[in-house]
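Trainee: Right, I'll just put the structure down here and ask away after.
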Amino acid sequence: MIVAHLPAGYIVSTLLFRRFAKYGVSGINFLRAGLLGSIAPDLDMIYFYGFDHRAHPHHSYFSHFPSVWLLLLTLAILCFQHCRHKKLPVLALIFTGNGMLHMVLDYISTNIYWLAPFVNKPFALIKVPSVYQDWWLNFLLHRSFVLEILLVIWATGLWFRRRLNRLELVE
């Protein structure tokens, strides 16, 4: 996935907000936590380019281990169930849920180490062949990119619908 993580996070956050609004979390903070969670695994790109000098695939870093995100999601669920004040656990839920969504989306067309750190074996649903010298062209011109475009269109439609509803409330 190249462009769909943020739109997918927007879709999930927008669709789930009503379910969690009763816990006193503002819509903007819920959306911020969700959007940050949807791209948080890719913050390892700072290390990848700045310090590792692209020596290892960035999906082999712990921030792309599904086990890390499942652990964080489990902790968020436990906090939500057992804490009296729900605002922070709700934000943790949307953050970690979208982080886990990032893993699932990456799995579609790139390698994800589902069993890491216990087994160092990558898995991918679809293998994108390396046809072009620029790595990103291989993804942009592959049929799996259609899913990314659909997610962008869906998110854009949700955004416009939210804007129109807001205008109706003002008038």
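Here's how to read the names in the structure tokens: chain A, B, ... by the order shown, residue numbers from 1 in each chain, ligand numbers from 1 in the order shown.
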Can you tell me, as an MDAnalysis selection string, which residues in region 64-168 of chain A count as alpha helix (DSSP H) by DSSP?

Mentor: chainID A and resid 66:82 87:109 135:140 145:168

Trainee: Please list as an mmCIF file with N, CA, C and O atoms, in the first residue's frame every residue within 8 Å of region 12-18 of chain A, counting only C-alpha atoms and excluding residues in the same chain fewer than 4 positions away.

Mentor:
```cif
data_model
loop_
_atom_site.group_PDB
_atom_site.id
_atom_site.type_symbol
_atom_site.label_atom_id
_atom_site.label_comp_id
_atom_site.auth_asym_id
_atom_site.auth_seq_id
_atom_site.Cartn_x
_atom_site.Cartn_y
_atom_site.Cartn_z
ATOM 1 N N ALA A 8 -7.951 4.746 4.535
ATOM 2 C CA ALA A 8 -8.565 3.613 5.244
ATOM 3 C C ALA A 8 -8.766 3.957 6.719
ATOM 4 O O ALA A 8 -9.804 3.632 7.301
ATOM 5 N N LYS A 22 -20.351 8.160 22.905
ATOM 6 C CA LYS A 22 -20.988 8.202 24.227
ATOM 7 C C LYS A 22 -19.978 8.203 25.378
ATOM 8 O O LYS A 22 -20.346 8.472 26.513
ATOM 9 N N GLY A 27 -14.978 14.207 18.441
ATOM 10 C CA GLY A 27 -14.815 13.638 17.108
ATOM 11 C C GLY A 27 -13.458 13.927 16.506
ATOM 12 O O GLY A 27 -12.854 13.061 15.877
ATOM 13 N N PHE A 30 -10.817 11.742 18.215
ATOM 14 C CA PHE A 30 -11.004 10.358 17.767
ATOM 15 C C PHE A 30 -10.406 10.194 16.372
ATOM 16 O O PHE A 30 -9.677 9.243 16.103
ATOM 17 N N LEU A 31 -10.711 11.146 15.491
ATOM 18 C CA LEU A 31 -10.187 11.102 14.124
ATOM 19 C C LEU A 31 -8.671 11.235 14.116
ATOM 20 O O LEU A 31 -7.980 10.510 13.396
ATOM 21 N N GLY A 34 -7.148 7.982 15.228
ATOM 22 C CA GLY A 34 -7.318 6.980 14.188
ATOM 23 C C GLY A 34 -6.386 7.188 13.011
ATOM 24 O O GLY A 34 -5.770 6.244 12.508
ATOM 25 N N LEU A 35 -6.271 8.433 12.574
ATOM 26 C CA LEU A 35 -5.382 8.723 11.446
ATOM 27 C C LEU A 35 -3.922 8.482 11.804
ATOM 28 O O LEU A 35 -3.158 7.939 11.007
ATOM 29 N N ILE A 94 -8.895 3.069 18.896
ATOM 30 C CA ILE A 94 -8.928 3.467 17.484
ATOM 31 C C ILE A 94 -7.508 3.566 16.928
ATOM 32 O O ILE A 94 -7.258 3.207 15.777
ATOM 33 N N ASN A 98 -6.472 0.844 14.021
ATOM 34 C CA ASN A 98 -6.019 1.299 12.709
ATOM 35 C C ASN A 98 -4.577 0.897 12.437
ATOM 36 O O ASN A 98 -4.188 0.704 11.288
ATOM 37 N N LEU A 158 -16.935 9.898 1.835
ATOM 38 C CA LEU A 158 -17.306 10.114 3.246
ATOM 39 C C LEU A 158 -16.999 11.543 3.680
ATOM 40 O O LEU A 158 -17.791 12.169 4.390
#
```

Trainee: Find the spatial neighbours of Lys87 (chain A), counting only C-alpha atoms, within a cut-off of 8 Å - ignore same-chain residues fewer than 6 positions away - and output them as a list of chain:residue names.

Mentor: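 Here the answer would be A:Tyr23, A:Gly24, A:Val25.
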
Trainee: Take the selection from the previous step and output its residues with all heavy atoms, as a PDB file, in the first residue's frame.

Mentor:
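Resulting contents of result_25.pdb:
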```
ATOM      1  N   TYR A  23     -18.712   7.941  25.074  1.00  0.00           N
ATOM      2  CA  TYR A  23     -17.685   7.929  26.120  1.00  0.00           C
ATOM      3  C   TYR A  23     -17.006   9.278  26.288  1.00  0.00           C
ATOM      4  O   TYR A  23     -16.017   9.397  27.015  1.00  0.00           O
ATOM      5  CB  TYR A  23     -16.664   6.826  25.846  1.00  0.00           C
ATOM      6  CG  TYR A  23     -17.301   5.458  25.861  1.00  0.00           C
ATOM      7  CD1 TYR A  23     -17.499   4.752  24.677  1.00  0.00           C
ATOM      8  CD2 TYR A  23     -17.747   4.890  27.053  1.00  0.00           C
ATOM      9  CE1 TYR A  23     -18.101   3.507  24.687  1.00  0.00           C
ATOM     10  CE2 TYR A  23     -18.366   3.654  27.064  1.00  0.00           C
ATOM     11  CZ  TYR A  23     -18.536   2.966  25.874  1.00  0.00           C
ATOM     12  OH  TYR A  23     -19.155   1.735  25.890  1.00  0.00           O
ATOM     13  N   GLY A  24     -17.518  10.298  25.618  1.00  0.00           N
ATOM     14  CA  GLY A  24     -17.041  11.658  25.830  1.00  0.00           C
ATOM     15  C   GLY A  24     -15.834  12.072  25.019  1.00  0.00           C
ATOM     16  O   GLY A  24     -15.256  13.128  25.268  1.00  0.00           O
ATOM     17  N   VAL A  25     -15.448  11.283  24.053  1.00  0.00           N
ATOM     18  CA  VAL A  25     -14.306  11.634  23.204  1.00  0.00           C
ATOM     19  C   VAL A  25     -14.802  12.544  22.089  1.00  0.00           C
ATOM     20  O   VAL A  25     -15.822  12.269  21.459  1.00  0.00           O
ATOM     21  CB  VAL A  25     -13.668  10.368  22.603  1.00  0.00           C
ATOM     22  CG1 VAL A  25     -12.544  10.712  21.655  1.00  0.00           C
ATOM     23  CG2 VAL A  25     -13.172   9.446  23.689  1.00  0.00           C
TER      24      VAL A  25
END
```

Trainee: Leaving out Phe80 (chain A) and any residue of its chain fewer than 5 positions from it, which residues lie within 12 Å of it when counting only C-alpha atoms, given as a PDB file with N, CA, C and O atoms, in the first residue's frame?

Mentor:
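Below you can see selection-v5.pdb, which holds the result:
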```
ATOM      1  N   PHE A  20     -18.544   5.134  19.668  1.00  0.00           N
ATOM      2  CA  PHE A  20     -17.725   5.488  20.833  1.00  0.00           C
ATOM      3  C   PHE A  20     -17.974   6.906  21.345  1.00  0.00           C
ATOM      4  O   PHE A  20     -17.396   7.308  22.359  1.00  0.00           O
ATOM      5  N   TYR A  23     -18.712   7.941  25.074  1.00  0.00           N
ATOM      6  CA  TYR A  23     -17.685   7.929  26.120  1.00  0.00           C
ATOM      7  C   TYR A  23     -17.006   9.278  26.288  1.00  0.00           C
ATOM      8  O   TYR A  23     -16.017   9.397  27.015  1.00  0.00           O
ATOM      9  N   LEU A  73      -3.311  -3.667  20.868  1.00  0.00           N
ATOM     10  CA  LEU A  73      -4.768  -3.699  20.752  1.00  0.00           C
ATOM     11  C   LEU A  73      -5.390  -4.449  21.932  1.00  0.00           C
ATOM     12  O   LEU A  73      -6.395  -4.009  22.495  1.00  0.00           O
ATOM     13  N   THR A  74      -4.784  -5.537  22.328  1.00  0.00           N
ATOM     14  CA  THR A  74      -5.266  -6.296  23.487  1.00  0.00           C
ATOM     15  C   THR A  74      -5.200  -5.451  24.751  1.00  0.00           C
ATOM     16  O   THR A  74      -6.146  -5.434  25.547  1.00  0.00           O
ATOM     17  N   LEU A  75      -4.100  -4.737  24.944  1.00  0.00           N
ATOM     18  CA  LEU A  75      -3.981  -3.851  26.110  1.00  0.00           C
ATOM     19  C   LEU A  75      -5.029  -2.741  26.076  1.00  0.00           C
ATOM     20  O   LEU A  75      -5.610  -2.399  27.109  1.00  0.00           O
ATOM     21  N   HIS A  85     -12.633   5.634  33.550  1.00  0.00           N
ATOM     22  CA  HIS A  85     -12.653   6.719  32.570  1.00  0.00           C
ATOM     23  C   HIS A  85     -12.284   6.139  31.199  1.00  0.00           C
ATOM     24  O   HIS A  85     -11.216   5.561  31.045  1.00  0.00           O
ATOM     25  N   LYS A  86     -13.139   6.319  30.243  1.00  0.00           N
ATOM     26  CA  LYS A  86     -13.008   5.631  28.951  1.00  0.00           C
ATOM     27  C   LYS A  86     -12.361   6.450  27.838  1.00  0.00           C
ATOM     28  O   LYS A  86     -12.033   5.909  26.798  1.00  0.00           O
ATOM     29  N   LYS A  87     -12.160   7.754  28.042  1.00  0.00           N
ATOM     30  CA  LYS A  87     -11.668   8.587  26.941  1.00  0.00           C
ATOM     31  C   LYS A  87     -10.333   8.092  26.381  1.00  0.00           C
ATOM     32  O   LYS A  87     -10.200   7.889  25.171  1.00  0.00           O
ATOM     33  N   LEU A  88      -9.351   7.931  27.223  1.00  0.00           N
ATOM     34  CA  LEU A  88      -8.032   7.494  26.764  1.00  0.00           C
ATOM     35  C   LEU A  88      -8.060   6.076  26.188  1.00  0.00           C
ATOM     36  O   LEU A  88      -7.482   5.840  25.114  1.00  0.00           O
ATOM     37  N   PRO A  89      -8.733   5.123  26.837  1.00  0.00           N
ATOM     38  CA  PRO A  89      -8.827   3.793  26.224  1.00  0.00           C
ATOM     39  C   PRO A  89      -9.524   3.787  24.862  1.00  0.00           C
ATOM     40  O   PRO A  89      -9.145   3.023  23.978  1.00  0.00           O
ATOM     41  N   VAL A  90     -10.521   4.645  24.676  1.00  0.00           N
ATOM     42  CA  VAL A  90     -11.188   4.733  23.371  1.00  0.00           C
ATOM     43  C   VAL A  90     -10.202   5.228  22.317  1.00  0.00           C
ATOM     44  O   VAL A  90     -10.149   4.687  21.208  1.00  0.00           O
ATOM     45  N   LEU A  91      -9.402   6.221  22.660  1.00  0.00           N
ATOM     46  CA  LEU A  91      -8.394   6.719  21.714  1.00  0.00           C
ATOM     47  C   LEU A  91      -7.343   5.648  21.430  1.00  0.00           C
ATOM     48  O   LEU A  91      -6.887   5.507  20.289  1.00  0.00           O
ATOM     49  N   ALA A  92      -6.975   4.896  22.460  1.00  0.00           N
ATOM     50  CA  ALA A  92      -6.018   3.802  22.275  1.00  0.00           C
ATOM     51  C   ALA A  92      -6.610   2.717  21.378  1.00  0.00           C
ATOM     52  O   ALA A  92      -5.899   2.133  20.549  1.00  0.00           O
ATOM     53  N   LEU A  93      -7.903   2.451  21.527  1.00  0.00           N
ATOM     54  CA  LEU A  93      -8.562   1.451  20.679  1.00  0.00           C
ATOM     55  C   LEU A  93      -8.537   1.834  19.211  1.00  0.00           C
ATOM     56  O   LEU A  93      -8.191   1.015  18.352  1.00  0.00           O
ATOM     57  N   ILE A  94      -8.895   3.069  18.896  1.00  0.00           N
ATOM     58  CA  ILE A  94      -8.928   3.467  17.484  1.00  0.00           C
ATOM     59  C   ILE A  94      -7.508   3.566  16.928  1.00  0.00           C
ATOM     60  O   ILE A  94      -7.258   3.207  15.777  1.00  0.00           O
TER      61      ILE A  94
END
```

Trainee: Quick one: residues within 12 Å of region 142-152 of chain A, only C-alpha atoms, excluding same-chain residues fewer than 4 positions away - as a JSON list (two decimals) with C-alpha atoms, in the first residue's frame?

Mentor:
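Just written: out_33.json:
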```json
[["chain", "number", "residue", "atom", "x", "y", "z"],
["A", 1, "MET", "CA", 0.00, 0.00, 0.00],
["A", 2, "ILE", "CA", 1.27, 3.42, -0.92],
["A", 3, "VAL", "CA", -1.58, 5.91, -0.59],
["A", 4, "ALA", "CA", -4.46, 4.06, 1.09],
["A", 5, "HIS", "CA", -3.40, 3.84, 4.74],
["A", 6, "LEU", "CA", -4.60, 7.31, 5.66],
["A", 7, "PRO", "CA", -7.89, 7.04, 3.70],
["A", 8, "ALA", "CA", -8.56, 3.61, 5.24],
["A", 9, "GLY", "CA", -7.93, 5.06, 8.71],
["A", 10, "TYR", "CA", -10.31, 7.89, 7.91],
["A", 11, "ILE", "CA", -13.01, 5.44, 6.81],
["A", 12, "VAL", "CA", -12.72, 3.28, 9.93],
["A", 105, "LEU", "CA", -3.50, -3.63, 4.14],
["A", 106, "ASP", "CA", 0.25, -4.08, 3.80],
["A", 107, "TYR", "CA", -0.23, -7.85, 3.69],
["A", 108, "ILE", "CA", -2.25, -7.53, 0.47],
["A", 109, "SER", "CA", 0.71, -6.58, -1.72],
["A", 110, "THR", "CA", 3.85, -6.49, 0.41],
["A", 125, "LEU", "CA", -1.21, -12.18, -0.33],
["A", 126, "ILE", "CA", -0.13, -10.92, -3.77],
["A", 127, "LYS", "CA", 3.43, -10.80, -5.06],
["A", 128, "VAL", "CA", 4.06, -7.55, -6.95],
["A", 129, "PRO", "CA", 6.76, -8.31, -9.52],
["A", 130, "SER", "CA", 9.73, -6.00, -9.86],
["A", 131, "VAL", "CA", 9.32, -4.90, -13.47],
["A", 132, "TYR", "CA", 10.32, -1.23, -13.22],
["A", 135, "TRP", "CA", 9.98, 0.45, -6.80],
["A", 136, "TRP", "CA", 6.90, 2.64, -6.54],
["A", 137, "LEU", "CA", 6.06, 2.22, -10.23],
["A", 138, "ASN", "CA", 5.75, -1.52, -9.64],
["A", 156, "THR", "CA", -13.31, 11.15, -0.30],
["A", 157, "GLY", "CA", -17.03, 10.36, -0.56],
["A", 158, "LEU", "CA", -17.31, 10.11, 3.25],
["A", 159, "TRP", "CA", -15.46, 13.40, 3.63]]
```

Trainee: Measuring atom to atom with only C-alpha atoms, identify which of A:Arg84, A:Tyr113, A:Ile46, A:Ala21 is nearest to Pro66 (chain A).

Mentor: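 Ranking A:Arg84, A:Tyr113, A:Ile46, A:Ala21 by distance to Pro66 (chain A), first place goes to A:Tyr113.
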
Trainee: Using CA of Leu140 (chain A) and CA of Pro57 (chain A) as the two end points, give the distance in Å to one decimal.

Mentor: 19.0 Å

Trainee: Identify which of the residues A:Leu101, A:Ala55, A:Pro117, A:Leu78 lies closest to Ile39 (chain A), counting only C-alpha atoms when measuring atom-to-atom distances.

Mentor: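 That would be A:Leu101, the residue with the smallest distance to Ile39 (chain A).
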
Trainee: CA of Ser63 (chain A) and CA of Ala76 (chain A), how far apart in Å?

Mentor: 16.8 Å

Trainee: Pick out the closest residue to His102 (chain A) from this set: A:His53, A:His64, A:Arg163, A:Leu43. Count only C-alpha atoms.

Mentor: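 Counting only C-alpha atoms, the residue closest to His102 (chain A) is A:His64.
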
Trainee: Pick from A:Val68, A:Ile77, A:Ile28, A:Ile153: nearest to Trp114 (chain A), with only C-alpha atoms counted?

Mentor: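 That would be A:Val68, the residue with the smallest distance to Trp114 (chain A).
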